[in-house]
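File shown here: run_28.txt, holding compact mmCIF, C-alpha atoms.
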```
# COMPACT_ATOMS: atom_id res chain seq x y z
CA MET I 227 136.92 119.38 207.40
CA ILE I 228 134.10 119.57 204.83
CA THR I 229 134.31 115.82 204.21
CA SER I 230 134.14 115.10 207.94
CA LYS I 231 131.08 117.31 208.32
CA PHE I 232 129.44 115.68 205.31
CA ASN I 233 130.10 112.19 206.70
CA LYS I 234 128.70 113.19 210.09
CA GLU I 235 125.54 114.60 208.51
CA SER I 236 125.15 111.46 206.37
CA LEU I 237 125.53 109.24 209.43
CA GLU I 238 122.99 111.28 211.40
CA ARG I 239 120.60 111.11 208.44
CA TYR I 240 121.06 107.34 208.23
CA VAL I 241 120.51 106.78 211.97
CA SER I 242 117.46 109.05 211.95
CA SER I 243 115.90 107.24 208.99
CA LEU I 244 116.61 103.88 210.64
CA LYS I 245 114.97 104.99 213.90
CA PHE I 246 112.01 106.24 211.89
CA SER I 247 111.16 102.61 211.05
CA LEU I 248 110.09 102.16 214.68
CA TYR I 249 107.76 105.14 214.37
CA CYS I 250 106.19 103.53 211.30
CA ILE I 251 105.24 100.51 213.42
CA THR I 252 103.23 102.55 215.91
CA HIS I 253 101.99 105.21 213.46
CA PRO I 254 101.82 103.37 210.11
CA PHE I 255 99.66 105.81 208.15
CA ASP I 256 101.43 108.99 209.24
CA GLY I 257 104.77 107.21 209.18
CA TYR I 258 104.57 105.86 205.66
CA TRP I 259 103.22 109.14 204.34
CA ASP I 260 106.21 110.96 205.82
CA LEU I 261 108.53 108.17 204.71
CA THR I 262 108.21 109.13 201.05
CA HIS I 263 106.41 112.47 200.86
CA GLU I 264 108.48 114.11 203.60
CA LYS I 265 111.56 112.03 202.72
CA ARG I 266 111.99 110.67 206.24
CA GLY I 267 113.20 107.31 204.93
CA SER I 268 116.38 106.34 203.11
CA MET I 269 117.53 103.53 200.85
CA ALA I 270 120.46 102.87 203.18
CA ALA I 271 118.09 102.22 206.09
CA ALA I 272 115.84 100.08 203.87
CA ASN I 273 118.83 97.97 202.82
CA THR I 274 119.90 97.63 206.46
CA ILE I 275 116.43 96.39 207.43
CA LEU I 276 116.52 93.88 204.58
CA ILE I 277 119.96 92.62 205.68
CA LEU I 278 118.73 92.27 209.27
CA THR I 279 115.71 90.33 208.00
CA LEU I 280 117.95 87.96 206.06
CA LEU I 281 120.25 87.60 209.05
CA ALA I 282 117.31 86.83 211.33
CA LYS I 283 116.17 84.15 208.87
CA ILE I 284 119.56 82.41 208.91
CA LEU I 285 120.16 82.77 212.66
CA LYS I 286 116.68 81.40 213.30
CA LEU I 287 117.63 78.23 211.45
CA GLN I 288 120.94 77.97 213.27
CA TYR I 289 120.13 78.89 216.85
CA THR I 290 116.41 78.35 217.47
CA SER I 291 115.82 75.44 219.83
CA PHE I 292 115.15 72.10 218.12
CA ILE I 293 111.83 72.03 220.01
CA PHE I 294 110.52 74.77 217.72
CA ASN I 295 112.67 74.44 214.64
CA ALA I 296 114.19 71.04 213.86
CA VAL I 297 116.72 71.63 211.07
CA TYR I 298 119.05 69.10 209.46
CA TRP I 299 121.86 71.41 208.35
CA PRO I 300 123.44 69.15 205.68
CA GLU I 301 120.18 69.49 203.73
CA VAL I 302 119.85 73.25 204.19
CA ASN I 303 120.70 75.46 201.21
CA ILE I 304 121.50 78.97 202.47
CA VAL I 305 121.06 80.47 199.01
CA LEU I 306 117.54 79.07 198.76
CA GLN I 307 116.73 80.33 202.26
CA LEU I 308 117.79 83.85 201.29
CA ALA I 309 116.01 83.57 197.93
CA ALA I 310 112.81 82.69 199.83
CA ILE I 311 112.81 86.33 200.97
CA LEU I 312 114.59 88.15 198.13
CA PHE I 313 112.68 86.57 195.23
CA PRO I 314 109.15 87.34 196.56
CA LEU I 315 110.37 90.81 197.54
CA ALA I 316 111.56 91.49 193.98
CA LEU I 317 108.34 90.12 192.50
CA TRP I 318 106.22 92.19 194.90
CA CYS I 319 108.06 95.45 194.19
CA VAL I 320 108.07 95.05 190.41
CA GLY I 321 104.50 93.73 190.29
CA ASN I 322 103.09 96.42 192.55
CA TRP I 323 104.90 99.25 190.80
CA ALA I 324 104.03 98.02 187.30
CA LEU I 325 100.35 97.52 188.15
CA THR I 326 99.81 100.74 190.09
CA THR I 327 101.64 102.82 187.48
CA LEU I 328 98.91 101.91 185.00
CA PHE I 329 96.21 103.14 187.38
CA ASP I 330 97.52 106.42 188.78
CA GLY I 331 99.64 105.03 191.59
CA LYS I 332 101.94 107.74 192.93
CA GLY I 333 104.80 105.60 194.21
CA ARG I 334 107.99 105.00 192.25
CA LEU I 335 109.74 101.63 192.17
CA SER I 336 112.38 102.81 194.64
CA GLN I 337 109.65 104.02 197.01
CA VAL I 338 107.79 100.72 196.77
CA TYR I 339 111.01 98.89 197.65
CA MET I 340 111.89 101.24 200.49
CA ALA I 341 108.40 101.18 202.02
CA THR I 342 108.23 97.38 201.74
CA CYS I 343 111.56 97.00 203.53
CA TYR I 344 110.39 99.37 206.27
CA GLY I 345 107.31 97.17 206.60
CA MET I 346 109.54 94.15 207.30
CA VAL I 347 110.91 95.64 210.53
CA PRO I 348 108.75 93.50 212.88
CA TYR I 349 110.37 90.31 211.59
CA PRO I 350 113.93 90.91 212.86
CA LEU I 351 112.55 92.91 215.80
CA PHE I 352 110.59 89.86 217.00
CA GLN I 353 112.77 87.02 215.75
CA PHE I 354 116.06 88.00 217.40
CA PRO I 355 114.56 87.92 220.94
CA LEU I 356 112.55 84.80 220.05
CA ILE I 357 115.74 82.95 219.11
CA ILE I 358 117.01 83.50 222.65
CA PHE I 359 113.58 82.85 224.16
CA SER I 360 113.26 79.50 222.36
CA ASN I 361 116.30 78.18 224.21
CA VAL I 362 114.99 78.94 227.70
CA VAL I 363 111.36 77.81 227.50
CA THR I 364 109.74 74.41 227.73
CA VAL I 365 107.39 72.62 225.39
CA ASP I 366 104.44 73.75 227.53
CA GLU I 367 105.25 77.37 226.64
CA ALA I 368 105.52 76.70 222.91
CA GLU I 369 102.18 78.40 222.22
CA PHE I 370 103.62 81.77 223.24
CA TYR I 371 106.60 81.34 220.90
CA THR I 372 104.35 80.33 218.02
CA LEU I 373 102.00 83.24 218.69
CA MET I 374 104.76 85.84 218.75
CA SER I 375 106.44 84.39 215.66
CA SER I 376 103.14 84.44 213.76
CA LEU I 377 102.41 87.95 215.02
CA SER I 378 105.66 89.23 213.50
CA LEU I 379 104.56 87.99 210.06
CA VAL I 380 101.03 89.40 210.45
CA LEU I 381 102.43 92.80 211.47
CA CYS I 382 104.74 92.79 208.45
CA GLY I 383 101.78 92.14 206.17
CA LEU I 384 99.66 94.88 207.73
CA LEU I 385 102.50 97.42 207.63
CA ILE I 386 103.30 96.69 203.99
CA PHE I 387 99.60 97.03 203.19
CA ALA I 388 99.49 100.43 204.94
CA ALA I 389 102.73 101.46 203.21
CA MET I 390 101.33 100.80 199.74
CA MET I 391 98.15 102.66 200.62
CA MET I 392 100.09 105.76 201.67
CA ILE I 393 102.74 105.96 198.97
CA HIS I 394 100.25 105.39 196.15
CA GLU I 395 97.60 107.59 197.80
CA PHE I 396 94.92 104.90 197.41
CA SER I 397 91.67 104.50 199.30
CA LEU I 398 91.25 101.40 201.46
CA SER I 399 89.08 99.57 198.94
CA LYS I 400 91.37 100.47 196.04
CA ASN I 401 94.42 99.35 197.99
CA VAL I 402 92.77 95.99 198.75
CA LEU I 403 92.02 95.56 195.06
CA PHE I 404 95.56 96.38 193.99
CA THR I 405 97.08 94.19 196.71
CA ILE I 406 95.14 91.24 195.30
CA GLY I 407 96.13 92.34 191.81
CA THR I 408 99.81 92.48 192.82
CA LEU I 409 99.67 88.95 194.21
CA PHE I 410 98.11 87.78 190.94
CA ALA I 411 100.81 89.65 188.98
CA MET I 412 103.45 87.84 191.04
CA LEU I 413 101.96 84.49 190.03
CA VAL I 414 101.93 85.56 186.38
CA MET I 415 105.60 86.61 186.56
CA VAL I 416 106.54 83.29 188.18
CA PHE I 417 104.72 81.45 185.38
CA ILE I 418 106.48 83.52 182.70
CA LEU I 419 109.88 82.96 184.33
CA LEU I 420 109.29 79.21 184.56
CA LEU I 421 108.18 79.15 180.93
CA PHE I 422 111.21 81.19 179.88
CA PHE I 423 113.73 78.99 181.68
CA SER I 424 111.96 75.87 180.41
CA MET I 425 112.32 77.11 176.81
CA ILE I 426 115.95 78.05 177.41
CA SER I 427 116.77 74.62 178.88
CA GLN I 428 115.00 72.86 176.01
CA GLY I 429 116.87 75.02 173.49
CA ILE I 430 120.21 74.26 175.13
CA ALA I 431 119.39 70.54 175.23
CA TYR I 432 118.45 70.67 171.52
CA PHE I 433 121.74 72.27 170.46
CA ILE I 434 123.70 69.88 172.69
CA SER I 435 121.99 66.93 171.01
CA ILE I 436 122.83 68.38 167.58
CA GLY I 437 126.43 68.85 168.62
CA ARG I 438 126.64 65.25 169.85
CA GLU I 439 125.08 64.01 166.61
CA ILE I 440 127.64 65.94 164.53
CA LEU I 441 130.52 64.61 166.62
CA PHE I 442 129.15 61.09 166.35
CA ARG I 443 128.94 61.29 162.53
CA LEU I 444 132.43 62.74 162.29
```
Would you mind giving the structure from this file in C-alpha cells?
Amino acid sequence: MITSKFNKESLERYVSSLKFSLYCITHPFDGYWDLTHEKRGSMAAANTILILTLLAKILKLQYTSFIFNAVYWPEVNIVLQLAAILFPLALWCVGNWALTTLFDGKGRLSQVYMATCYGMVPYPLFQFPLIIFSNVVTVDEAEFYTLMSSLSLVLCGLLIFAAMMMIHEFSLSKNVLFTIGTLFAMLVMVFILLLFFSMISQGIAYFISIGREILFRL
C-alpha cells in the first residue's frame, strides 16, 4: 500500500515536472527560476527531454523527406549522430559549471544539466511535426520548413541562455560574458582532449614498435 502510494506520487511528480518544461518555453525567466529554486524540475524529466531530442535527431534522418534531408544511410554512423548532441552537451555543462563556480555562479552541475535539457524542449517539439510535414509539402513550401526548423534551434539557444541567467543569478551583461566564456572553455577542453588522445595514440604506437623490434630480434 505504501509502495503503491509512493510510486503514484513519484509518477505525478515526474509528469508535473515534464509538463513544467512547456511553461518554461512561454515564461522562461520565471520558469527557470522556479525550476531550480522552487524545485519544479526533475532529473527524470530532464533525461526524458534529452532522450526525445536524440530520438528526434535519428527519426529526422530516417523519415524526413529527401527534398529537405537527403541521407545516404550506409554512410550514416548513428553513434556519431548521437555524439553530435551528447558531446557538446557534456562540454557545455562542465564548462559552464566550472567557469561560473569560480565567479560566484549559484548553479550546481546537476542544475546546469537539468536546465540545459529543459532548454532543448523546442527541438523535439518542433521536429516531430516537421518530420510529418516534410512528407506532405512541395519544394515551393520548403522555406516554411526551413524557417520552423531553424526557429527550433534559435529557441533552444535563447532558452538555455535564459536558464543559465536564472540558475546562476547573473545580470544580462554578466550572463552574456559567461556564455562567451563557456563557449571558449568548450574549445579549450576539445583541444586538451585532442592533445591527450594524440599523446596516448603516439605512446601506444611507440610501445607497439618496441614490441615488434624485440620480437624481430628474438
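Among the candidate residues I:Gln428, I:Thr279, I:Gly407, I:Asn322, the one lying nearest to Leu308 in chain I is I:Thr279, with distances computed using only C-alpha atoms.
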In Å, rounded to a single decimal, give me how far CA of Leu281 in chain I is from CA of Gly333 in chain I.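 Taking CA of Gly333 in chain I as the start and CA of Leu281 in chain I as the end point, the length is 28.0 Å.
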Determine the nearest neighbour of Met415 in chain I from the options I:Ile386, I:Val380, I:Val320, I:Ala272, counting only C-alpha atoms.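 So, comparing all the options, the nearest one is I:Val320.
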Would you be able to write out as a PyMOL selection string which residues have an atom within 12 Å of (109.0, 95.9, 202.8) in the file's coordinates, counting only C-alpha atoms? chain I and resi 247+250+258+269+271-277+279+311-312+314-319+322+336-349+379+381-390
What separation in Å, quoted to one decimal, exists between CA of Leu328 in chain I and CA of Lys400 in chain I? 13.4 Å
Please compute the CA of Phe410 in chain I-CA of Gly321 in chain I distance, one decimal, in Å.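 Straight-line distance from CA of Phe410 in chain I to CA of Gly321 in chain I works out to 8.8 Å.
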Restricting the calculation to only C-alpha atoms, which member of I:Tyr240, I:Tyr249, I:Trp259, I:Phe292 is positioned closest to Ile393 in chain I? I:Trp259
Distance query Phe246 in chain I at most 8 Å, all atoms listed in the file, self and fewer than 2 positions along chain excluded, as a list in words: Ser242, Ser243, Leu244, Leu248, Tyr249, Cys250, Gly257, Arg266 and Gly267 of chain I
Give me a file of those residues, with C-alpha atoms, as a short mmCIF file (atom, residue, chain, number, x, y, z; two decimals), keeping the file's coordinate frame.
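In the end it all went to out25.cif:
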```
data_model
loop_
_atom_site.label_atom_id
_atom_site.label_comp_id
_atom_site.auth_asym_id
_atom_site.auth_seq_id
_atom_site.Cartn_x
_atom_site.Cartn_y
_atom_site.Cartn_z
CA SER I 242 117.46 109.05 211.95
CA SER I 243 115.90 107.24 208.99
CA LEU I 244 116.61 103.88 210.64
CA LEU I 248 110.09 102.16 214.68
CA TYR I 249 107.76 105.14 214.37
CA CYS I 250 106.19 103.53 211.30
CA GLY I 257 104.77 107.21 209.18
CA ARG I 266 111.99 110.67 206.24
CA GLY I 267 113.20 107.31 204.93
#
```
